[in-house]
Amino acid sequence: GVYGWGRNDNGELGLGDTENRYNPTPITKLNNSADPVIGGACGDKHSLWYTRNGALYSSGSNEFGQLGTGQSGSNNVNPSLVSTINGVRTAGAGRSFSCVANKAGKVYSWGYPKDGVLGHGTEGKFLGTGNRWEYSLEVRPRAVEALVAETIAEVACGAAHTIVTNIEGKVWTWGFGGYGRLGHGDNKNQFSPKKLEHFHNVPEPRPAGANTIFFRPQKPRRLKYIAAGSRCCWGIDA
């Protein structure tokens with residue numbers, strides 16, 4: 001079974017109410033023996049769960065459309081099916097956005113686009129009422145086009161950034177770049193997935209005539225496991 005506990009102001013525990021829980025509590029609406037939950041992710045105020053067959057459910061705050069249900073504003077205190085995507089194999093949840101990859105390795109994201117966290121090449125910024133900057137929300141899963149040629153295996157989200165790996169262990173990051181959390185040697189935001197070059201190196205070929213006993217080629221650097229914190233990323237090599 002699936003359990004939740006902790007602060008529940010927005011229904012992020014999926015228990016049908018907004019009461020805090022001080023002990024692990026069964027999320028009965030996710031108990032389906034025919035298609036059990038096998039994974040999920042917790043954002044700041046929302047949660048995601050996916051099942052063995054790849055169905056995706058969300059609950060909690062939907063202020064910025066981060067639940068992916070086609071609307072924004074109203075919170076969900078019960079797990080709701082995200083009907084516009086299926087076959088989910090891995091999921092990440094940020095402060096106010098979500099990102100998943102399906103079993104075909106394609107990546108989708110939605111929610112609040114500020115700082116490029118959705119990876120769609122823009123932060124959706126426009127001048128709104130009273131000449132104030134506003135952001136175009138993505139309220140349904142939208143494909144991350146920059147990665148359509150890749151087969152993504154893992155997704156992890158920090159508060160405002162994302163890291164993914166493909167089936168070979170190559171790595172991309174995007175979103176808010178403060179404190180170097182994207183790993184590109186600077187503090188710049190990235191609106192689209194950018195290769196983390198350290199994990200895209202090509203194996204060094206043996207020079208013609210090199211002594212095979214003394215030649216030690218550089219091996220490819222790849223990651224098997226990844227994680228993202230509020231202001232950092234880390235990985236374990238393959």
# chains A, B, ... in the order shown; residues from 1 in each chain; ligands from 1
call {"tool": "residues_around", "arguments": {"residues": "Asn23 in chain A", "least_positions_apart": "4", "cutoff": "9 Å", "atoms": "only C-alpha atoms", "output": "PDB file with all heavy atoms, in the first residue's frame"}}
result
ATOM      1  N   GLY A   4       1.136   8.255   3.408  1.00  0.00           N
ATOM      2  CA  GLY A   4       1.568   9.646   3.432  1.00  0.00           C
ATOM      3  C   GLY A   4       1.483  10.196   4.845  1.00  0.00           C
ATOM      4  O   GLY A   4       0.687   9.722   5.664  1.00  0.00           O
ATOM      5  N   TRP A   5       2.317  11.198   5.118  1.00  0.00           N
ATOM      6  CA  TRP A   5       2.275  11.856   6.422  1.00  0.00           C
ATOM      7  C   TRP A   5       2.984  13.199   6.346  1.00  0.00           C
ATOM      8  O   TRP A   5       3.750  13.460   5.435  1.00  0.00           O
ATOM      9  CB  TRP A   5       2.900  10.987   7.517  1.00  0.00           C
ATOM     10  CG  TRP A   5       4.353  10.632   7.306  1.00  0.00           C
ATOM     11  CD1 TRP A   5       5.443  11.289   7.799  1.00  0.00           C
ATOM     12  CD2 TRP A   5       4.867   9.532   6.547  1.00  0.00           C
ATOM     13  NE1 TRP A   5       6.605  10.672   7.404  1.00  0.00           N
ATOM     14  CE2 TRP A   5       6.286   9.575   6.639  1.00  0.00           C
ATOM     15  CE3 TRP A   5       4.283   8.498   5.805  1.00  0.00           C
ATOM     16  CZ2 TRP A   5       7.112   8.649   6.006  1.00  0.00           C
ATOM     17  CZ3 TRP A   5       5.104   7.570   5.174  1.00  0.00           C
ATOM     18  CH2 TRP A   5       6.499   7.652   5.286  1.00  0.00           C
ATOM     19  N   GLY A   6       2.685  14.083   7.311  1.00  0.00           N
ATOM     20  CA  GLY A   6       3.299  15.410   7.344  1.00  0.00           C
ATOM     21  C   GLY A   6       2.285  16.517   7.127  1.00  0.00           C
ATOM     22  O   GLY A   6       1.081  16.352   7.347  1.00  0.00           O
TER      23      GLY A   6
END
call {"tool": "residues_around", "arguments": {"residues": "Gly229 in chain A", "least_positions_apart": "4", "cutoff": "10 Å", "atoms": "only C-alpha atoms", "output": "ChimeraX atom specification"}}
result
/A:94,156-162,181,233-234
call {"tool": "write_last_selection", "arguments": {"atoms": "all heavy atoms", "output": "PDB file, in the first residue's frame"}}
result
ATOM      1  N   GLY A  94       8.980  19.679  -8.646  1.00  0.00           N
ATOM      2  CA  GLY A  94       9.681  20.842  -8.118  1.00  0.00           C
ATOM      3  C   GLY A  94       8.765  21.672  -7.235  1.00  0.00           C
ATOM      4  O   GLY A  94       7.714  21.215  -6.791  1.00  0.00           O
ATOM      5  N   ALA A 156      14.859  13.819 -12.087  1.00  0.00           N
ATOM      6  CA  ALA A 156      14.828  14.316 -10.713  1.00  0.00           C
ATOM      7  C   ALA A 156      14.696  15.831 -10.759  1.00  0.00           C
ATOM      8  O   ALA A 156      15.295  16.484 -11.621  1.00  0.00           O
ATOM      9  CB  ALA A 156      16.082  13.916  -9.941  1.00  0.00           C
ATOM     10  N   CYS A 157      13.929  16.400  -9.847  1.00  0.00           N
ATOM     11  CA  CYS A 157      13.697  17.839  -9.818  1.00  0.00           C
ATOM     12  C   CYS A 157      14.088  18.425  -8.473  1.00  0.00           C
ATOM     13  O   CYS A 157      13.764  17.856  -7.424  1.00  0.00           O
ATOM     14  CB  CYS A 157      12.221  18.156 -10.056  1.00  0.00           C
ATOM     15  SG  CYS A 157      11.600  17.683 -11.675  1.00  0.00           S
ATOM     16  N   GLY A 158      14.781  19.567  -8.508  1.00  0.00           N
ATOM     17  CA  GLY A 158      14.982  20.376  -7.328  1.00  0.00           C
ATOM     18  C   GLY A 158      13.852  21.383  -7.241  1.00  0.00           C
ATOM     19  O   GLY A 158      12.834  21.275  -7.934  1.00  0.00           O
ATOM     20  N   ALA A 159      14.022  22.395  -6.409  1.00  0.00           N
ATOM     21  CA  ALA A 159      12.974  23.401  -6.268  1.00  0.00           C
ATOM     22  C   ALA A 159      12.685  24.101  -7.584  1.00  0.00           C
ATOM     23  O   ALA A 159      11.523  24.355  -7.922  1.00  0.00           O
ATOM     24  CB  ALA A 159      13.381  24.424  -5.205  1.00  0.00           C
ATOM     25  N   ALA A 160      13.737  24.396  -8.366  1.00  0.00           N
ATOM     26  CA  ALA A 160      13.548  25.136  -9.615  1.00  0.00           C
ATOM     27  C   ALA A 160      14.523  24.678 -10.696  1.00  0.00           C
ATOM     28  O   ALA A 160      14.954  25.468 -11.528  1.00  0.00           O
ATOM     29  CB  ALA A 160      13.717  26.635  -9.362  1.00  0.00           C
ATOM     30  N   HIS A 161      14.887  23.403 -10.695  1.00  0.00           N
ATOM     31  CA  HIS A 161      15.754  22.873 -11.741  1.00  0.00           C
ATOM     32  C   HIS A 161      15.511  21.382 -11.901  1.00  0.00           C
ATOM     33  O   HIS A 161      14.899  20.743 -11.037  1.00  0.00           O
ATOM     34  CB  HIS A 161      17.230  23.146 -11.444  1.00  0.00           C
ATOM     35  CG  HIS A 161      17.780  22.416 -10.260  1.00  0.00           C
ATOM     36  ND1 HIS A 161      17.371  22.660  -8.970  1.00  0.00           N
ATOM     37  CD2 HIS A 161      18.722  21.430 -10.158  1.00  0.00           C
ATOM     38  CE1 HIS A 161      18.034  21.880  -8.130  1.00  0.00           C
ATOM     39  NE2 HIS A 161      18.855  21.110  -8.824  1.00  0.00           N
ATOM     40  N   THR A 162      15.973  20.849 -13.032  1.00  0.00           N
ATOM     41  CA  THR A 162      15.748  19.444 -13.346  1.00  0.00           C
ATOM     42  C   THR A 162      17.035  18.822 -13.877  1.00  0.00           C
ATOM     43  O   THR A 162      17.814  19.465 -14.576  1.00  0.00           O
ATOM     44  CB  THR A 162      14.622  19.290 -14.390  1.00  0.00           C
ATOM     45  OG1 THR A 162      13.409  19.817 -13.860  1.00  0.00           O
ATOM     46  CG2 THR A 162      14.402  17.840 -14.765  1.00  0.00           C
ATOM     47  N   ARG A 181      24.071  24.963  -9.529  1.00  0.00           N
ATOM     48  CA  ARG A 181      23.347  23.689  -9.364  1.00  0.00           C
ATOM     49  C   ARG A 181      23.155  22.922 -10.669  1.00  0.00           C
ATOM     50  O   ARG A 181      22.861  21.723 -10.637  1.00  0.00           O
ATOM     51  CB  ARG A 181      22.002  23.934  -8.700  1.00  0.00           C
ATOM     52  CG  ARG A 181      20.974  24.646  -9.569  1.00  0.00           C
ATOM     53  CD  ARG A 181      19.842  25.208  -8.741  1.00  0.00           C
ATOM     54  NE  ARG A 181      20.313  26.315  -7.930  1.00  0.00           N
ATOM     55  CZ  ARG A 181      19.584  26.911  -6.999  1.00  0.00           C
ATOM     56  NH1 ARG A 181      18.359  26.494  -6.751  1.00  0.00           N
ATOM     57  NH2 ARG A 181      20.061  27.930  -6.311  1.00  0.00           N
ATOM     58  N   CYS A 233      22.626  19.120  -7.122  1.00  0.00           N
ATOM     59  CA  CYS A 233      22.403  17.833  -7.769  1.00  0.00           C
ATOM     60  C   CYS A 233      23.525  16.893  -7.367  1.00  0.00           C
ATOM     61  O   CYS A 233      24.623  17.325  -7.013  1.00  0.00           O
ATOM     62  CB  CYS A 233      22.423  17.954  -9.298  1.00  0.00           C
ATOM     63  SG  CYS A 233      21.049  18.820 -10.042  1.00  0.00           S
ATOM     64  N   TRP A 234      23.283  15.598  -7.424  1.00  0.00           N
ATOM     65  CA  TRP A 234      24.352  14.629  -7.272  1.00  0.00           C
ATOM     66  C   TRP A 234      24.008  13.387  -8.075  1.00  0.00           C
ATOM     67  O   TRP A 234      22.871  13.176  -8.494  1.00  0.00           O
ATOM     68  CB  TRP A 234      24.654  14.282  -5.820  1.00  0.00           C
ATOM     69  CG  TRP A 234      23.543  13.638  -5.041  1.00  0.00           C
ATOM     70  CD1 TRP A 234      22.670  14.258  -4.197  1.00  0.00           C
ATOM     71  CD2 TRP A 234      23.225  12.236  -4.970  1.00  0.00           C
ATOM     72  NE1 TRP A 234      21.815  13.348  -3.624  1.00  0.00           N
ATOM     73  CE2 TRP A 234      22.129  12.102  -4.082  1.00  0.00           C
ATOM     74  CE3 TRP A 234      23.754  11.087  -5.567  1.00  0.00           C
ATOM     75  CZ2 TRP A 234      21.551  10.854  -3.788  1.00  0.00           C
ATOM     76  CZ3 TRP A 234      23.169   9.860  -5.271  1.00  0.00           C
ATOM     77  CH2 TRP A 234      22.102   9.753  -4.404  1.00  0.00           C
TER      78      TRP A 234
END
call {"tool": "closest_residue", "arguments": {"among": "A:Val139, A:Gly169, A:Ser59, A:Glu154", "to": "Lys106 in chain A", "atoms": "only C-alpha atoms"}}
result
A:Glu154
call {"tool": "atom_distance", "arguments": {"atom1": "CA of Ala55 in chain A", "atom2": "CA of Gly87 in chain A"}}
result
6.2 Å
call {"tool": "select_by_dssp", "arguments": {"residues": "range 67-225 of chain A", "states": "strand (DSSP E or B)", "output": "PyMOL selection string"}}
result
chain A and resi 76-81+88-93+97-102+107-111+125-127+133-135+138-143+152-157+161-166+171-175+190-195+223-225
call {"tool": "closest_residue", "arguments": {"among": "A:Phe191, A:Glu197, A:Tyr179, A:Ala146", "to": "Arg231 in chain A", "atoms": "only C-alpha atoms"}}
result
A:Tyr179
call {"tool": "closest_residue", "arguments": {"among": "A:Leu127, A:Val2, A:Val202, A:Leu223", "to": "Lys29 in chain A", "atoms": "only C-alpha atoms"}}
result
A:Val2
call {"tool": "closest_residue", "arguments": {"among": "A:Ser74, A:Gln66, A:Thr129, A:Asn53", "to": "Asn102 in chain A", "atoms": "only C-alpha atoms"}}
result
A:Asn53
call {"tool": "residues_around", "arguments": {"residues": "Leu48 in chain A", "least_positions_apart": "5", "cutoff": "10 Å", "atoms": "only C-alpha atoms", "output": "list in words"}}
result
Glu12, Leu13, Gly14, Gly39, Gly40, Ala41, Cys42, Gly43, Leu56, Tyr57, Ser58, Ser59, Gly60, Gln66, Leu67, Pro79, Ser80, Leu81, Val82, Ala91, Gly92, Ala93, Ser98, Cys99 and Val100 of chain A
call {"tool": "closest_residue", "arguments": {"among": "A:Asn187, A:Asp17, A:Thr165, A:Leu118", "to": "Ala238 in chain A", "atoms": "only C-alpha atoms"}}
result
A:Thr165
call {"tool": "atom_distance", "arguments": {"atom1": "CA of Arg89 in chain A", "atom2": "CA of Trp49 in chain A"}}
result
10.3 Å
call {"tool": "residues_around", "arguments": {"residues": "Gly180 in chain A", "least_positions_apart": "3", "cutoff": "10 Å", "atoms": "only C-alpha atoms", "output": "number ranges by chain"}}
result
A: 176-177, 183-189, 231-233
call {"tool": "decode", "arguments": {"residues": "range 21-123 of chain A", "atoms": "C-alpha atoms", "output": "short mmCIF file (atom, residue, chain, number, x, y, z; two decimals), in the first residue's frame"}}
result
data_model
loop_
_atom_site.label_atom_id
_atom_site.label_comp_id
_atom_site.auth_asym_id
_atom_site.auth_seq_id
_atom_site.Cartn_x
_atom_site.Cartn_y
_atom_site.Cartn_z
CA ARG A 21 -0.78 13.63 9.66
CA TYR A 22 1.75 12.82 12.35
CA ASN A 23 2.06 9.13 11.50
CA PRO A 24 2.15 7.16 8.23
CA THR A 25 -1.43 6.97 6.96
CA PRO A 26 -2.68 4.69 4.14
CA ILE A 27 -3.69 6.53 0.97
CA THR A 28 -6.63 4.27 0.29
CA LYS A 29 -7.58 5.83 -3.05
CA LEU A 30 -4.26 4.61 -4.47
CA ASN A 31 -4.66 1.02 -3.31
CA ASN A 32 -5.27 -0.95 -6.51
CA SER A 33 -3.87 -4.45 -6.49
CA ALA A 34 -4.43 -4.78 -10.24
CA ASP A 35 -2.22 -1.76 -10.96
CA PRO A 36 -0.23 -0.82 -7.85
CA VAL A 37 1.73 2.39 -7.33
CA ILE A 38 5.46 1.75 -7.81
CA GLY A 39 6.91 5.27 -7.61
CA GLY A 40 6.31 8.97 -7.22
CA ALA A 41 7.70 12.34 -6.22
CA CYS A 42 7.02 15.13 -3.72
CA GLY A 43 7.11 18.81 -4.64
CA ASP A 44 6.79 21.74 -2.28
CA LYS A 45 3.01 21.50 -2.04
CA HIS A 46 2.01 18.71 -4.43
CA SER A 47 2.63 15.02 -4.97
CA LEU A 48 2.84 12.64 -7.93
CA TRP A 49 2.41 8.86 -8.05
CA TYR A 50 2.73 6.43 -10.97
CA THR A 51 1.61 2.84 -11.27
CA ARG A 52 3.09 -0.34 -12.69
CA ASN A 53 1.15 0.23 -15.91
CA GLY A 54 2.30 3.87 -16.08
CA ALA A 55 -0.83 5.73 -14.97
CA LEU A 56 0.00 9.06 -13.30
CA TYR A 57 -1.88 10.59 -10.37
CA SER A 58 -1.41 13.97 -8.65
CA SER A 59 -2.78 15.83 -5.64
CA GLY A 60 -2.16 19.01 -3.66
CA SER A 61 -1.67 22.61 -4.70
CA ASN A 62 -2.60 23.44 -8.28
CA GLU A 63 -1.92 27.16 -8.09
CA PHE A 64 0.32 27.02 -11.16
CA GLY A 65 -1.14 24.01 -12.96
CA GLN A 66 1.49 21.68 -11.49
CA LEU A 67 -1.04 18.84 -11.13
CA GLY A 68 -1.32 18.55 -14.93
CA THR A 69 -5.10 18.22 -14.92
CA GLY A 70 -5.78 20.91 -17.53
CA GLN A 71 -6.55 23.76 -15.15
CA SER A 72 -4.94 25.87 -12.45
CA GLY A 73 -6.07 27.41 -9.20
CA SER A 74 -8.16 24.77 -7.45
CA ASN A 75 -6.34 22.25 -5.25
CA ASN A 76 -7.03 18.51 -5.30
CA VAL A 77 -7.17 16.73 -1.96
CA ASN A 78 -7.63 13.33 -3.64
CA PRO A 79 -5.26 11.73 -6.15
CA SER A 80 -6.47 12.69 -9.65
CA LEU A 81 -5.57 10.85 -12.83
CA VAL A 82 -3.45 12.91 -15.26
CA SER A 83 -5.36 11.64 -18.26
CA THR A 84 -3.28 13.22 -21.02
CA ILE A 85 -0.21 11.08 -20.38
CA ASN A 86 0.40 7.37 -19.85
CA GLY A 87 3.22 4.88 -19.62
CA VAL A 88 5.08 6.93 -16.98
CA ARG A 89 8.31 5.30 -15.74
CA THR A 90 9.93 8.05 -13.64
CA ALA A 91 8.77 11.34 -12.11
CA GLY A 92 10.08 14.50 -10.48
CA ALA A 93 8.29 17.35 -8.70
CA GLY A 94 9.68 20.84 -8.12
CA ARG A 95 8.38 23.78 -6.13
CA SER A 96 5.57 24.49 -8.58
CA PHE A 97 6.18 22.26 -11.59
CA SER A 98 6.32 18.59 -12.54
CA CYS A 99 8.39 16.51 -14.95
CA VAL A 100 8.11 12.86 -16.02
CA ALA A 101 9.49 10.44 -18.58
CA ASN A 102 7.44 7.67 -20.10
CA LYS A 103 8.45 4.12 -20.93
CA ALA A 104 9.45 5.21 -24.42
CA GLY A 105 11.95 7.61 -22.83
CA LYS A 106 10.15 10.82 -23.80
CA VAL A 107 10.07 13.71 -21.31
CA TYR A 108 7.08 15.88 -20.41
CA SER A 109 6.82 18.85 -18.07
CA TRP A 110 4.17 21.29 -16.87
CA GLY A 111 3.41 23.97 -14.30
CA TYR A 112 5.09 27.32 -13.60
CA PRO A 113 7.74 28.10 -16.27
CA LYS A 114 9.74 30.86 -14.53
CA ASP A 115 13.54 30.50 -14.94
CA GLY A 116 13.06 27.93 -17.69
CA VAL A 117 12.24 25.08 -15.29
CA LEU A 118 10.03 23.33 -17.86
CA GLY A 119 12.80 23.06 -20.47
CA HIS A 120 10.65 24.38 -23.33
CA GLY A 121 13.14 27.01 -24.48
CA THR A 122 11.35 29.90 -22.78
CA GLU A 123 10.11 30.96 -19.37
#
